[in-house]
Amino acid sequence: MNRETAVPAKVILGIDPGTLFMGFALIAASKNKLSLLEMGVLRLARHNDHSERLRLIYVTIQDLIQRHRPVVAAIEAPFFGKNVQSMLKLGRAQGVAIAAATVNGLTAVEYAPNKVKQSITGRGHASKEQVWEMLRQSLQLREERPEHYDATDALAVAVCHHYQGKLAAALSDGSVQTPKQRVKKGNWAQFIAQNPDRLR
């Protein structure tokens, strides 16, 4: 009698880098199920020394990796604003997060905020509340309202990475086709009629 070998769940670390709060979340992703392992925030605002904040980011991520053994770190890319000093500090925080992941053997993958929202809700400009509600339903979480949306942002980027992996697998085995692939099998006249903006 043949028995199917159970495939172990893949642990994904999600990180939302910040200089005041760093959100983090870890999920276990199996073929048909997502489970939340841990979610929270690292409070950095109480430390005035920026170098100390960076050290705490590194140490915290290293501790999460050692405890949960994730296989990849999904990191939300910084949103570019007008304050140069703030962006510089945020970039440093992101760089330390990436370094902590890669030094500990993980691949670090970045996702733009709009990409994460699109992946979770289908809308690139969804609110944090809308993203949280979709995550709550997907992972069957009981918590009505999170204490910090930095943590839910980290959860969202981890789930986004999982979805992107499933999409890539579906594209590779042919169960899902890109628009370009569908055109090859379809009617060019129909495609042009539906996409006049593509004409040059």
# chains A, B, ... in the order shown; residues from 1 in each chain; ligands from 1
>>> residues_around(residues="Ala154 of chain A", least_positions_apart="3", cutoff="8 Å", atoms="only C-alpha atoms", output="ChimeraX atom specification")
/A:14-16,23-25,75-76,150-151,157-158
>>> atom_distance(atom1="atom CA of Ser138 of chain A", atom2="atom CA of Thr152 of chain A")
12.9 Å
>>> closest_residue(among="A:Cys160, A:Ala9, A:Glu129, A:Met87", to="Arg145 of chain A", atoms="only C-alpha atoms")
A:Glu129
>>> atom_distance(atom1="atom CA of Lys10 of chain A", atom2="atom CA of Pro70 of chain A")
7.1 Å
>>> closest_residue(among="A:Ser35, A:Gln66, A:Ser86, A:Thr60", to="Gly18 of chain A", atoms="only C-alpha atoms")
A:Ser86
>>> residues_around(residues="Gln130 of chain A", least_positions_apart="5", cutoff="10 Å", atoms="only C-alpha atoms", output="list in words")
Lys117, Ile120, Thr121, Arg123, His125, Leu135 and Arg136 of chain A
>>> closest_residue(among="A:Val84, A:Met39, A:Ala126, A:Leu26", to="Glu143 of chain A", atoms="only C-alpha atoms")
A:Met39
>>> closest_residue(among="A:Leu34, A:Val159, A:Leu54, A:Val11", to="Lys89 of chain A", atoms="only C-alpha atoms")
A:Leu54
>>> residues_around(residues="Ala73 of chain A", least_positions_apart="4", cutoff="10 Å", atoms="only C-alpha atoms", output="ChimeraX atom specification")
/A:11-15,26,61,65,97-98,100-102,106-110,157-158,161
>>> select_by_dssp(residues="segment 101-145 of chain A", states="helix (DSSP H, G or I)", output="PDB file with C-alpha atoms, in the first residue's frame")
ATOM      1  CA  ALA A 101      17.932  37.652   6.318  1.00  0.00           C
ATOM      2  CA  THR A 102      20.706  36.924   3.825  1.00  0.00           C
ATOM      3  CA  VAL A 103      23.451  36.446   6.435  1.00  0.00           C
ATOM      4  CA  PRO A 113       3.180  48.239  -1.294  1.00  0.00           C
ATOM      5  CA  ASN A 114       0.748  48.413  -4.227  1.00  0.00           C
ATOM      6  CA  LYS A 115       1.818  44.933  -5.350  1.00  0.00           C
ATOM      7  CA  VAL A 116       1.097  43.557  -1.886  1.00  0.00           C
ATOM      8  CA  LYS A 117      -2.346  45.183  -1.743  1.00  0.00           C
ATOM      9  CA  GLN A 118      -3.174  43.973  -5.248  1.00  0.00           C
ATOM     10  CA  SER A 119      -2.182  40.431  -4.328  1.00  0.00           C
ATOM     11  CA  ILE A 120      -4.277  40.375  -1.151  1.00  0.00           C
ATOM     12  CA  THR A 121      -7.391  42.330  -2.146  1.00  0.00           C
ATOM     13  CA  LYS A 128      -4.946  48.926   5.460  1.00  0.00           C
ATOM     14  CA  GLU A 129      -8.322  48.036   6.959  1.00  0.00           C
ATOM     15  CA  GLN A 130      -9.412  46.290   3.751  1.00  0.00           C
ATOM     16  CA  VAL A 131      -6.128  44.369   3.553  1.00  0.00           C
ATOM     17  CA  TRP A 132      -6.496  43.265   7.175  1.00  0.00           C
ATOM     18  CA  GLU A 133     -10.058  42.089   6.645  1.00  0.00           C
ATOM     19  CA  MET A 134      -8.994  39.905   3.706  1.00  0.00           C
ATOM     20  CA  LEU A 135      -6.098  38.491   5.711  1.00  0.00           C
ATOM     21  CA  ARG A 136      -8.386  37.817   8.661  1.00  0.00           C
ATOM     22  CA  GLN A 137     -10.748  35.828   6.472  1.00  0.00           C
ATOM     23  CA  SER A 138      -7.995  33.970   4.597  1.00  0.00           C
TER      24      SER A 138
END
>>> select_by_dssp(residues="segment 20-120 of chain A", states="strand (DSSP E or B)", output="VMD selection string")
chain A and resid 21 to 29 34 to 43 72 to 76 107 to 111
>>> write_last_selection(atoms="N, CA and C atoms", output="compact mmCIF listing (two decimals), in the first residue's frame")
# COMPACT_ATOMS: atom_id res chain seq x y z
N PHE A 21 8.56 51.68 14.14
CA PHE A 21 8.04 50.34 14.37
C PHE A 21 8.47 49.45 13.20
N MET A 22 8.89 48.23 13.51
CA MET A 22 9.14 47.24 12.46
C MET A 22 8.11 46.13 12.62
N GLY A 23 7.28 45.94 11.61
CA GLY A 23 6.31 44.86 11.67
C GLY A 23 6.94 43.56 11.20
N PHE A 24 6.54 42.46 11.82
CA PHE A 24 7.03 41.15 11.39
C PHE A 24 5.90 40.13 11.53
N ALA A 25 5.96 39.12 10.68
CA ALA A 25 4.97 38.04 10.73
C ALA A 25 5.57 36.80 10.10
N LEU A 26 5.20 35.66 10.62
CA LEU A 26 5.64 34.38 10.06
C LEU A 26 4.43 33.51 9.81
N ILE A 27 4.38 32.95 8.60
CA ILE A 27 3.29 32.06 8.24
C ILE A 27 3.85 30.71 7.80
N ALA A 28 3.06 29.67 8.03
CA ALA A 28 3.39 28.33 7.53
C ALA A 28 2.47 28.08 6.34
N ALA A 29 3.05 27.84 5.18
CA ALA A 29 2.27 27.68 3.96
C ALA A 29 2.41 26.26 3.43
N LEU A 34 -2.88 28.17 4.87
CA LEU A 34 -1.96 29.14 5.45
C LEU A 34 -2.24 29.23 6.94
N SER A 35 -1.19 29.24 7.75
CA SER A 35 -1.35 29.36 9.19
C SER A 35 -0.42 30.44 9.71
N LEU A 36 -0.95 31.26 10.61
CA LEU A 36 -0.14 32.30 11.24
C LEU A 36 0.63 31.69 12.41
N LEU A 37 1.95 31.87 12.39
CA LEU A 37 2.79 31.37 13.48
C LEU A 37 3.06 32.44 14.52
N GLU A 38 3.38 33.64 14.05
CA GLU A 38 3.68 34.74 14.97
C GLU A 38 3.54 36.05 14.21
N MET A 39 3.07 37.08 14.91
CA MET A 39 2.94 38.40 14.31
C MET A 39 3.11 39.44 15.39
N GLY A 40 3.82 40.52 15.08
CA GLY A 40 4.02 41.55 16.09
C GLY A 40 4.80 42.73 15.55
N VAL A 41 5.18 43.61 16.46
CA VAL A 41 5.97 44.78 16.09
C VAL A 41 7.16 44.92 17.03
N LEU A 42 8.23 45.43 16.48
CA LEU A 42 9.39 45.82 17.27
C LEU A 42 9.28 47.33 17.47
N ARG A 43 9.17 47.77 18.73
CA ARG A 43 9.01 49.20 19.03
C ARG A 43 10.38 49.86 19.11
N VAL A 72 12.42 31.85 3.42
CA VAL A 72 12.53 33.07 2.62
C VAL A 72 12.03 34.25 3.46
N ALA A 73 12.55 35.43 3.16
CA ALA A 73 12.07 36.66 3.79
C ALA A 73 11.45 37.55 2.73
N ALA A 74 10.19 37.90 2.92
CA ALA A 74 9.49 38.81 2.02
C ALA A 74 9.45 40.18 2.70
N ILE A 75 9.97 41.19 2.03
CA ILE A 75 10.13 42.51 2.63
C ILE A 75 9.39 43.55 1.82
N GLU A 76 8.62 44.38 2.52
CA GLU A 76 7.90 45.45 1.81
C GLU A 76 8.89 46.56 1.47
N THR A 107 16.80 33.89 1.25
CA THR A 107 16.65 34.78 0.12
C THR A 107 15.70 35.90 0.55
N ALA A 108 16.05 37.14 0.22
CA ALA A 108 15.20 38.28 0.55
C ALA A 108 14.54 38.79 -0.73
N VAL A 109 13.21 38.85 -0.71
CA VAL A 109 12.45 39.28 -1.88
C VAL A 109 11.65 40.52 -1.51
N GLU A 110 11.76 41.57 -2.34
CA GLU A 110 11.06 42.82 -2.06
C GLU A 110 9.77 42.92 -2.86
N TYR A 111 8.76 43.51 -2.25
CA TYR A 111 7.48 43.76 -2.93
C TYR A 111 7.03 45.19 -2.66
>>> decode(residues="segment 32-48 of chain A", atoms="N, CA and C atoms", output="PDB file, in the first residue's frame")
ATOM      1  N   ASN A  32      -2.590  23.720   0.574  1.00  0.00           N
ATOM      2  CA  ASN A  32      -3.937  24.290   0.595  1.00  0.00           C
ATOM      3  C   ASN A  32      -4.266  25.072   1.856  1.00  0.00           C
ATOM      4  N   LYS A  33      -3.259  25.403   2.663  1.00  0.00           N
ATOM      5  CA  LYS A  33      -3.549  26.059   3.921  1.00  0.00           C
ATOM      6  C   LYS A  33      -2.451  27.033   4.323  1.00  0.00           C
ATOM      7  N   LEU A  34      -2.875  28.169   4.871  1.00  0.00           N
ATOM      8  CA  LEU A  34      -1.959  29.139   5.447  1.00  0.00           C
ATOM      9  C   LEU A  34      -2.243  29.231   6.945  1.00  0.00           C
ATOM     10  N   SER A  35      -1.193  29.239   7.746  1.00  0.00           N
ATOM     11  CA  SER A  35      -1.353  29.356   9.189  1.00  0.00           C
ATOM     12  C   SER A  35      -0.424  30.442   9.713  1.00  0.00           C
ATOM     13  N   LEU A  36      -0.947  31.262  10.615  1.00  0.00           N
ATOM     14  CA  LEU A  36      -0.135  32.296  11.239  1.00  0.00           C
ATOM     15  C   LEU A  36       0.633  31.692  12.408  1.00  0.00           C
ATOM     16  N   LEU A  37       1.954  31.873  12.393  1.00  0.00           N
ATOM     17  CA  LEU A  37       2.793  31.369  13.475  1.00  0.00           C
ATOM     18  C   LEU A  37       3.055  32.442  14.523  1.00  0.00           C
ATOM     19  N   GLU A  38       3.382  33.638  14.052  1.00  0.00           N
ATOM     20  CA  GLU A  38       3.675  34.743  14.971  1.00  0.00           C
ATOM     21  C   GLU A  38       3.543  36.053  14.212  1.00  0.00           C
ATOM     22  N   MET A  39       3.071  37.083  14.906  1.00  0.00           N
ATOM     23  CA  MET A  39       2.936  38.403  14.308  1.00  0.00           C
ATOM     24  C   MET A  39       3.110  39.440  15.395  1.00  0.00           C
ATOM     25  N   GLY A  40       3.818  40.520  15.080  1.00  0.00           N
ATOM     26  CA  GLY A  40       4.016  41.550  16.092  1.00  0.00           C
ATOM     27  C   GLY A  40       4.797  42.728  15.549  1.00  0.00           C
ATOM     28  N   VAL A  41       5.177  43.608  16.464  1.00  0.00           N
ATOM     29  CA  VAL A  41       5.972  44.777  16.089  1.00  0.00           C
ATOM     30  C   VAL A  41       7.158  44.922  17.031  1.00  0.00           C
ATOM     31  N   LEU A  42       8.231  45.431  16.478  1.00  0.00           N
ATOM     32  CA  LEU A  42       9.390  45.823  17.269  1.00  0.00           C
ATOM     33  C   LEU A  42       9.280  47.330  17.470  1.00  0.00           C
ATOM     34  N   ARG A  43       9.170  47.772  18.729  1.00  0.00           N
ATOM     35  CA  ARG A  43       9.005  49.198  19.029  1.00  0.00           C
ATOM     36  C   ARG A  43      10.383  49.861  19.107  1.00  0.00           C
ATOM     37  N   LEU A  44      10.626  50.769  18.195  1.00  0.00           N
ATOM     38  CA  LEU A  44      11.935  51.402  18.094  1.00  0.00           C
ATOM     39  C   LEU A  44      11.937  52.864  18.518  1.00  0.00           C
ATOM     40  N   ALA A  45      10.759  53.475  18.612  1.00  0.00           N
ATOM     41  CA  ALA A  45      10.668  54.913  18.868  1.00  0.00           C
ATOM     42  C   ALA A  45      11.282  55.310  20.207  1.00  0.00           C
ATOM     43  N   ARG A  46      11.307  54.377  21.156  1.00  0.00           N
ATOM     44  CA  ARG A  46      11.825  54.699  22.494  1.00  0.00           C
ATOM     45  C   ARG A  46      13.345  54.864  22.493  1.00  0.00           C
ATOM     46  N   HIS A  47      14.003  54.455  21.415  1.00  0.00           N
ATOM     47  CA  HIS A  47      15.461  54.558  21.312  1.00  0.00           C
ATOM     48  C   HIS A  47      15.827  55.758  20.436  1.00  0.00           C
ATOM     49  N   ASN A  48      16.529  56.725  21.014  1.00  0.00           N
ATOM     50  CA  ASN A  48      16.893  57.921  20.256  1.00  0.00           C
ATOM     51  C   ASN A  48      18.046  57.681  19.298  1.00  0.00           C
TER      52      ASN A  48
END
